[in-house]
Each structure stands twice: as C-alpha cells, then as structure tokens.
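A.B. asks: Input: one structure, supplied below.
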Amino acid sequence: MVKVISPAVEILTPLDGEAILKHLELCARNCYKSEDKITSDSARKMVKKLIELGHEAMIEHFSVTVRLTTDIGVLKDLSRHRIASFAVESTRYCLYSKDKFGNELTVMEPPELEKGSEDYDVWLQGMEAMEKAYMDLANRGYKADVCRTLLPHGLKVEMIMTANIREWRHIFKLRCAMAAHPTVRQVMRMLHQKMKEQIPVVFDDITY
Ligand SMILES: Cc1cc2nc3c(=O)[nH]c(=O)nc-3n(C[C@H](O)[C@H](O)[C@H](O)COP(=O)(O)OP(=O)(O)OC[C@H]3O[C@@H](n4cnc5c(N)ncnc54)[C@H](O)[C@@H]3O)c2cc1C
C-alpha cells in the first residue's frame, strides 16, 4: 500500500535572530565605515533600511540550511534556483522495495484533492498501480535506476537546501505567490512563516 504523508519543513541552521541582524549590520557598516554607530538596538533599523534601499548584497552574508519533506515536483521547481545548494534523496540509490523503506512508496498528500472524495480515490488508485509496477520490476531484480522511470511527481523526497537570506527572499517572493504551483506554495509558505518567526525584519515585507 502506498503511504501518503503531509509536507514538513525543518530549519537545520541554528538561528539567533538578533545575532544575525547584528552580523548583517556589521557587514554593511564596513561599507560606510560607520561601525562607531553600532548600538544595542541599531541592527534592526539598519537591516530594514538596507532592504528598503535595495542594498540587498549585504544580506547575502548569512545563509540558512533547511530540510524539506516534499515531492519531486517541488524539487524540480526549487532546484531551478541557481544561487542555492542542494542534497537530495536519490531515486537512483534508494530502492523502495527494501525493508528500510518499508517495502512501499511514500507520496505527498495532494493539496487540491479532498481526502475521501471520488477524485482523491482516482489519484490514489493511480499511485497504487504505479507502486505495484515498481515493486514487480524490483522483485524481478531490476535496480532503482530502472524502477525509478515509473515514479511520479508526487513521490516524497527529502531535500536539504542552503541559500543566503537574499536568495531566500527572492525564492519566497516567487514561490509563495499565487502563480506558484500549489505544492510549492504550500511548503514555501510554511518555511517563510518559520523563518520569519526566527529571524526578525528580513522576511517581514513579504506578503501573500
Ligand atoms: C510561476 C513560475 C512559473 C515558471 N514556469 C516555468 C516554465 O514553464 N519553464 C521553465 O523553464 N521555468 C519556469 N519557471 C522557473 C523560472 O524560469 C526560473 O528558472 C526560476 O524561477 C528561478 O528564478 P530566477 O532565475 O529568478 O532565480 P535564481 O536562479 O534563484 O537566481 C536569483 C537571481 O540571480 C540573478 N541571476 C541568476 N543567474 C543569473 C544569470 N545567469 N544571469 C543574470 N542574472 C542571474 C537573477 O537576478 C535572478 O533573479 C517558473 C517559475 C515560476 C515562479
């Protein structure tokens, strides 16, 4: 039986929001040689100003690594972002017929289909047919390289992604917007909320 799960986001980089702002402030003040203007509460104002002025090169000086549990479709979209680094669960090296994967395929709940509806059942039957074909090939001795040609966009993938704050802002603007694919939007909005809670100022102006 195919396992169906919901998306998850986890920030792997330890974050101290105030320390990050102070670090960005220090980098920016090097441009103006105004380090003497640093006070206990100057960082927030400085970073807000940098963003307002579009001097975003300064906010490249801190990177955040995250782990996303999402699907192959989201991986395809997010890996188009060139100023980011990735480590992705491999469908070449993971053979899902093995015990450590529960001898099953895991897929992501489709956000636009209502669980229990007829339409959802059509989707689920498609997934199960594909899983059966995958397991049949694996049982005939085929490697993951061959079996993976059957795998759908909805397959679960764990991806680790690192980007600097400027690039995360860019990604959130594009991928939290209504024009983004629903599964990408879902996971990026979850991540945006988490990052916004942990790092003040830098993600506050991104709304949707
Ligand atoms: C709604 C939506 C629909 C899409 N549909 C399609 C589609 O149908 N087909 C398709 O192929 N892609 C599609 N994409 C992906 C899109 O074309 C981009 O590849 C992706 O959004 C990465 O964005 P980016 O190039 O702005 O940013 P990144 O790669 O994240 O780069 C960040 C910024 O750095 C700068 N930069 C990076 N590389 C260069 C460079 N070589 N030269 C100059 N400046 C650079 C740019 O300012 C860029 O905005 C879609 C994206 C969205 C959001």
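Ligands are numbered from 1 in the order shown, residues from 1 within each chain, and chains are lettered A, B, ... in the order they appear in the structure tokens.
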Can you pull out the residues contacting stretch 63-75 of chain A? Cut-off 6 Å, using only C-alpha atoms, and skip same-chain residues under 4 positions away; I want them as an MDAnalysis selection string.

C.D. replies: chainID A and resid 7:13 79 153:165 184

A.B. asks: Output N, CA and C atoms for every residue in the selection just made, as a short mmCIF file (atom, residue, chain, number, x, y, z; two decimals), in the first residue's frame.

C.D. replies:
data_model
loop_
_atom_site.label_atom_id
_atom_site.label_comp_id
_atom_site.auth_asym_id
_atom_site.auth_seq_id
_atom_site.Cartn_x
_atom_site.Cartn_y
_atom_site.Cartn_z
N PRO A 7 3.49 17.49 3.92
CA PRO A 7 4.82 18.11 3.84
C PRO A 7 5.34 18.57 5.20
N ALA A 8 6.65 18.69 5.31
CA ALA A 8 7.26 19.18 6.55
C ALA A 8 8.46 20.06 6.21
N VAL A 9 8.70 21.02 7.07
CA VAL A 9 9.89 21.88 6.90
C VAL A 9 10.64 21.94 8.23
N GLU A 10 11.95 21.94 8.13
CA GLU A 10 12.79 21.99 9.33
C GLU A 10 13.98 22.89 9.02
N ILE A 11 14.25 23.83 9.92
CA ILE A 11 15.43 24.68 9.72
C ILE A 11 16.61 24.01 10.42
N LEU A 12 17.65 23.69 9.67
CA LEU A 12 18.78 22.95 10.25
C LEU A 12 19.84 23.89 10.84
N THR A 13 19.93 25.09 10.32
CA THR A 13 20.92 26.04 10.84
C THR A 13 20.43 26.59 12.18
N SER A 79 14.87 23.50 -7.41
CA SER A 79 16.26 23.34 -7.83
C SER A 79 16.59 24.19 -9.06
N HIS A 153 5.53 12.58 -10.05
CA HIS A 153 5.88 13.87 -9.44
C HIS A 153 5.51 13.91 -7.95
N GLY A 154 4.49 13.14 -7.57
CA GLY A 154 4.01 13.19 -6.17
C GLY A 154 4.86 12.40 -5.20
N LEU A 155 5.91 11.73 -5.68
CA LEU A 155 6.76 10.93 -4.78
C LEU A 155 7.39 11.80 -3.71
N LYS A 156 7.42 11.28 -2.48
CA LYS A 156 8.06 12.01 -1.38
C LYS A 156 9.56 12.11 -1.63
N VAL A 157 10.12 13.29 -1.35
CA VAL A 157 11.57 13.44 -1.42
C VAL A 157 12.01 14.30 -0.23
N GLU A 158 13.12 13.92 0.37
CA GLU A 158 13.70 14.77 1.41
C GLU A 158 14.84 15.54 0.77
N MET A 159 14.73 16.84 0.82
CA MET A 159 15.79 17.65 0.22
C MET A 159 16.33 18.65 1.23
N ILE A 160 17.66 18.76 1.22
CA ILE A 160 18.31 19.78 2.06
C ILE A 160 18.73 20.89 1.12
N MET A 161 18.45 22.10 1.54
CA MET A 161 18.69 23.26 0.65
C MET A 161 19.32 24.38 1.47
N THR A 162 20.36 24.97 0.91
CA THR A 162 21.03 26.09 1.58
C THR A 162 21.02 27.30 0.66
N ALA A 163 20.66 28.43 1.22
CA ALA A 163 20.72 29.67 0.44
C ALA A 163 20.97 30.82 1.40
N ASN A 164 21.48 31.92 0.85
CA ASN A 164 21.65 33.09 1.72
C ASN A 164 20.31 33.83 1.83
N ILE A 165 20.27 34.77 2.75
CA ILE A 165 18.98 35.43 3.05
C ILE A 165 18.43 36.19 1.83
N VAL A 184 4.29 23.73 -4.19
CA VAL A 184 5.46 24.58 -3.91
C VAL A 184 5.04 25.70 -2.96
#

A.B. asks: Please identify all protein, DNA and RNA residues within 7 Å of ligand 1, counting only C-alpha atoms and all ligand atoms, and report them as a PyMOL selection string.

C.D. replies: chain A and resi 77+80-83+167+170-171+174-175+179-181

A.B. asks: Please report the interatomic distance between atom CA of A:Ile5 and atom CA of A:Asp145 in Å with one decimal.

C.D. replies: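 That distance, rounded to one decimal, is 24.2 Å.
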
A.B. asks: Can you list, as JSON, numbers by chain, every residue of stretch 37-202 of chain A that DSSP puts in alpha helix (DSSP H)?

C.D. replies: {"A": [42, 43, 44, 45, 46, 47, 48, 49, 50, 51, 52, 53, 72, 73, 74, 75, 76, 77, 78, 118, 119, 120, 121, 122, 123, 124, 125, 126, 127, 128, 129, 130, 131, 132, 133, 134, 135, 136, 137, 138, 139, 144, 145, 146, 147, 165, 166, 167, 168, 169, 170, 171, 172, 173, 174, 175, 182, 183, 184, 185, 186, 187, 188, 189, 190, 191, 192, 193, 194, 195, 196, 197, 198]}

A.B. asks: Save the residues we just selected, C-alpha atoms, as a tab-separated table (two decimals), in the first residue's frame?

C.D. replies:
chain	number	residue	atom	x	y	z
A	42	SER	CA	20.77	49.79	15.77
A	43	ALA	CA	20.78	46.46	13.87
A	44	ARG	CA	17.04	46.23	13.23
A	45	LYS	CA	16.88	49.77	11.81
A	46	MET	CA	19.98	49.24	9.71
A	47	VAL	CA	18.81	45.97	8.14
A	48	LYS	CA	15.32	47.37	7.47
A	49	LYS	CA	16.93	50.36	5.71
A	50	LEU	CA	19.19	48.11	3.60
A	51	ILE	CA	16.13	46.24	2.34
A	52	GLU	CA	14.19	49.46	1.66
A	53	LEU	CA	17.12	50.88	-0.31
A	72	ILE	CA	9.56	15.59	-6.80
A	73	GLY	CA	7.54	18.36	-8.45
A	74	VAL	CA	8.62	20.81	-5.74
A	75	LEU	CA	12.21	19.59	-6.03
A	76	LYS	CA	12.12	20.30	-9.78
A	77	ASP	CA	10.86	23.82	-9.19
A	78	LEU	CA	13.12	24.75	-6.28
A	118	GLU	CA	-14.04	10.19	-5.66
A	119	ASP	CA	-11.36	12.34	-7.30
A	120	TYR	CA	-8.92	11.57	-4.49
A	121	ASP	CA	-9.60	7.83	-4.98
A	122	VAL	CA	-8.79	8.12	-8.70
A	123	TRP	CA	-5.46	9.70	-7.72
A	124	LEU	CA	-4.77	7.04	-5.08
A	125	GLN	CA	-5.54	4.18	-7.47
A	126	GLY	CA	-3.06	5.67	-9.95
A	127	MET	CA	-0.39	5.77	-7.24
A	128	GLU	CA	-1.09	2.19	-6.21
A	129	ALA	CA	-0.92	0.92	-9.81
A	130	MET	CA	2.42	2.64	-10.20
A	131	GLU	CA	3.68	1.23	-6.89
A	132	LYS	CA	2.70	-2.30	-7.98
A	133	ALA	CA	4.63	-1.94	-11.25
A	134	TYR	CA	7.67	-0.54	-9.37
A	135	MET	CA	7.67	-3.45	-6.87
A	136	ASP	CA	7.14	-6.01	-9.66
A	137	LEU	CA	10.21	-4.75	-11.51
A	138	ALA	CA	12.25	-4.65	-8.29
A	139	ASN	CA	11.21	-8.24	-7.49
A	144	ALA	CA	16.46	1.53	-8.76
A	145	ASP	CA	17.84	3.09	-11.97
A	146	VAL	CA	15.25	1.15	-13.97
A	147	CYS	CA	12.40	1.14	-11.43
A	165	ILE	CA	18.98	35.43	3.05
A	166	ARG	CA	18.84	37.48	-0.14
A	167	GLU	CA	18.13	34.36	-2.19
A	168	TRP	CA	15.55	33.09	0.32
A	169	ARG	CA	13.74	36.41	-0.03
A	170	HIS	CA	13.77	36.01	-3.80
A	171	ILE	CA	12.54	32.42	-3.56
A	172	PHE	CA	9.73	33.31	-1.15
A	173	LYS	CA	8.57	36.18	-3.39
A	174	LEU	CA	8.31	33.84	-6.37
A	175	ARG	CA	7.21	30.63	-4.69
A	182	PRO	CA	0.09	24.72	-5.14
A	183	THR	CA	2.51	22.18	-3.61
A	184	VAL	CA	5.46	24.58	-3.91
A	185	ARG	CA	3.37	27.40	-2.48
A	186	GLN	CA	2.27	25.21	0.43
A	187	VAL	CA	5.78	24.22	1.50
A	188	MET	CA	7.36	27.65	0.86
A	189	ARG	CA	4.67	29.42	2.87
A	190	MET	CA	5.31	27.03	5.77
A	191	LEU	CA	9.03	27.77	5.54
A	192	HIS	CA	8.55	31.52	5.18
A	193	GLN	CA	6.46	31.60	8.36
A	194	LYS	CA	9.11	29.62	10.27
A	195	MET	CA	11.99	31.78	9.09
A	196	LYS	CA	10.04	34.97	9.79
A	197	GLU	CA	9.40	33.82	13.37
A	198	GLN	CA	13.10	33.14	13.93

A.B. asks: Among stretch 67-159 of chain A, which ones does DSSP assign to strand (DSSP E) (computed from the backbone)? Answer as a ChimeraX atom specification.

C.D. replies: /A:67-71,84-88,106-108,156-159

A.B. asks: Using only C-alpha atoms, can you tell me which of A:Glu114, A:Asp36, A:Glu25, A:Asp41 comes closest to A:Glu56?

C.D. replies: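 Looking at the shortest contact to A:Glu56, the residue is A:Glu25.
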
A.B. asks: In Å, how far is it from atom CA of A:Lys100 to atom CA of A:Lys115?

C.D. replies: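 Answer for the atom CA of A:Lys100 to atom CA of A:Lys115 separation: 27.4 Å.
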
A.B. asks: Determine, counting only C-alpha atoms, which protein, DNA and RNA residues have an atom within 7 Å of an atom of A:Lys3; residues of the same chain fewer than 4 positions away are not included. Present the result as number ranges by chain.

C.D. replies: A: 105-107
